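Taking it in order: structure first as structure tokens, then the write-up.
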Amino acid sequence: MLRRALAAVVTVVAMQGLATATELAGVPHIISGNAVAIGKTRLWLAGVGAPGLEQVCLDASGARWTCGVAARDELAKHVGNSPWTCQTEHRDSSERLVGICSVGGEDVGKWMIANGWAIAGAHASKDYEAAEGEAKAGKAGLWAGAFIAPREWHRRNAQAPKLGALDISPTARATLLHGHFGSTPPSPDCAIKGHVNRSGTCIYHMPGGRWYARVSIEPDNGDRWFCSKEEAELASCRETKR
């Protein structure tokens, strides 16, 4: 009962002028290493650049691994079923709600960065940048191997610098730009197409839709398959407008 009550708590506090600050509290559904859903509200952690679920990295031995899935799972394991308290800050350029969250007084975003499961993102605080420096020096999490910064990976920026302690060949570097989803659906029940357009926006197409047959899934472009509309929207993918 307590968890249900907490998940339903949404308190809006008026600030000066037209600005408002929103407090969300509850046990979240962990979407990725920097995104959660509390009740029906989705929120992204401010200043935290975590790899997406489809991102591929190299571990300390040079083997491919699904680092985005690992980052999500490490976050879920760390917080367990504890309730979160989040202070929203703003909406980003993609209209996503962004905020800072804590569990038992611990800053979740800082924990992710300090343990090497994310990097300090745009407009990150100096505290987050210091946490990243410690993770890098200690070769924690992603830093033990090789990876591309999540923001640059989503853009498939071939010129983006390699991060991490591992020295790699040009061939291995090219591997870092690939995704781990295939060009064919994993099952007939997971045939919704999620396509990343030139601006980096993910748009999903339902089977039978007007453009469905014309859209090809290219994993190296960040395209992927979804099993439901909810799954696609939780991954920041929007439905096609045409």
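Each chain in the structure tokens gets a letter, A, B and so on, in the order shown; residues start at 1 in every chain, and ligands are counted from 1 in the order they appear.
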
As an MDAnalysis selection string, list the residues of range 13-178 of chain A assigned to helix (DSSP H, G or I) by DSSP on the backbone atoms of this structure. chainID A and resid 67:79 108:114 126:137 141:144 150:154 170:175

Neighbouring residues of Ile203 in chain A were defined as those with any atom within 9 Å, considering only C-alpha atoms; residues of the same chain fewer than 5 positions away were excluded. Please report them as a list in words. Lys193, Gly194, His195, Val196, Asn197, Ala232, Ser236, Cys237, Arg238, Glu239, Thr240 and Lys241 of chain A

Range 29-110 of chain A residues near range 149-154 of chain A within 10 Å, closest pair each, using only C-alpha atoms, as a tab-separated table:
residue	atom	partner	partner_atom	distance
A:Val48	CA	A:Pro150	CA	9.9
A:Gly49	CA	A:Pro150	CA	6.1
A:Ala50	CA	A:Pro150	CA	6.2
A:Pro51	CA	A:Pro150	CA	4.9
A:Gly52	CA	A:Pro150	CA	7.0
A:Glu54	CA	A:His154	CA	9.6
A:Gln55	CA	A:Trp153	CA	7.6
A:Val56	CA	A:Trp153	CA	9.4
A:Gly68	CA	A:Pro150	CA	9.2

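Between CA of Asn115 in chain A and CA of Glu95 in chain A lies a distance of 28.2 Å.
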
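Nearest to Trp65 in chain A of all the residues A:Leu176, A:Ile217, A:Cys227, A:Ala118 is A:Leu176, based on only C-alpha atoms.
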
Which residues come within 7 Å of Phe181 in chain A, counting only C-alpha atoms, excluding same-chain residues fewer than 2 positions away, as a ChimeraX atom specification? /A:54,179,183,219,224

Using only C-alpha atoms, pick whichever of A:Ala25, A:Glu132, A:Gly62, A:Leu45 has the shortest atom-to-atom distance to Thr85 in chain A.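 For Thr85 in chain A, the nearest of the candidates is A:Ala25.
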
Can you list, as a PyMOL selection string, every residue of range 8-242 of chain A that DSSP puts in strand (DSSP E or B)? chain A and resi 9-14+20-26+29-32+35-38+41-45+48-49+55+57-58+64-65+84-91+97-103+106-107+119-120+146-148+162-163+179+192-196+202-205+224-226+237-239

Rank nothing, just name the residue among A:Thr41, A:Thr22, A:Thr88, A:Ser228 nearest to Asp189 in chain A, using only C-alpha atoms.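 Between A:Thr41, A:Thr22, A:Thr88, A:Ser228, the residue approaching Asp189 in chain A most closely is A:Ser228.
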
For CA of Ala158 in chain A and CA of Ala174 in chain A, the interatomic separation in Å (one decimal):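 Result for CA of Ala158 in chain A versus CA of Ala174 in chain A: 7.9 Å, one decimal.
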
Could you list, as a PDB file with C-alpha atoms, in the first residue's frame, every residue within 8 Å of range 135-139 of chain A, counting only C-alpha atoms and ignoring same-chain residues fewer than 4 positions away?
ATOM      1  CA  ILE A 113      28.608   8.861 -12.685  1.00  0.00           C
ATOM      2  CA  ALA A 114      30.847   8.058  -9.708  1.00  0.00           C
ATOM      3  CA  ASN A 115      30.514   4.336 -10.399  1.00  0.00           C
ATOM      4  CA  GLY A 116      31.272   4.685 -14.095  1.00  0.00           C
ATOM      5  CA  ALA A 131      32.665  12.308  -9.748  1.00  0.00           C
ATOM      6  CA  TRP A 143      35.865   3.501 -18.119  1.00  0.00           C
ATOM      7  CA  ALA A 144      37.544   0.079 -17.809  1.00  0.00           C
ATOM      8  CA  GLY A 145      37.089  -0.557 -21.521  1.00  0.00           C
ATOM      9  CA  GLY A 164      37.882   4.695 -21.617  1.00  0.00           C
ATOM     10  CA  ALA A 165      41.184   3.067 -20.662  1.00  0.00           C
TER      11      ALA A 165
END
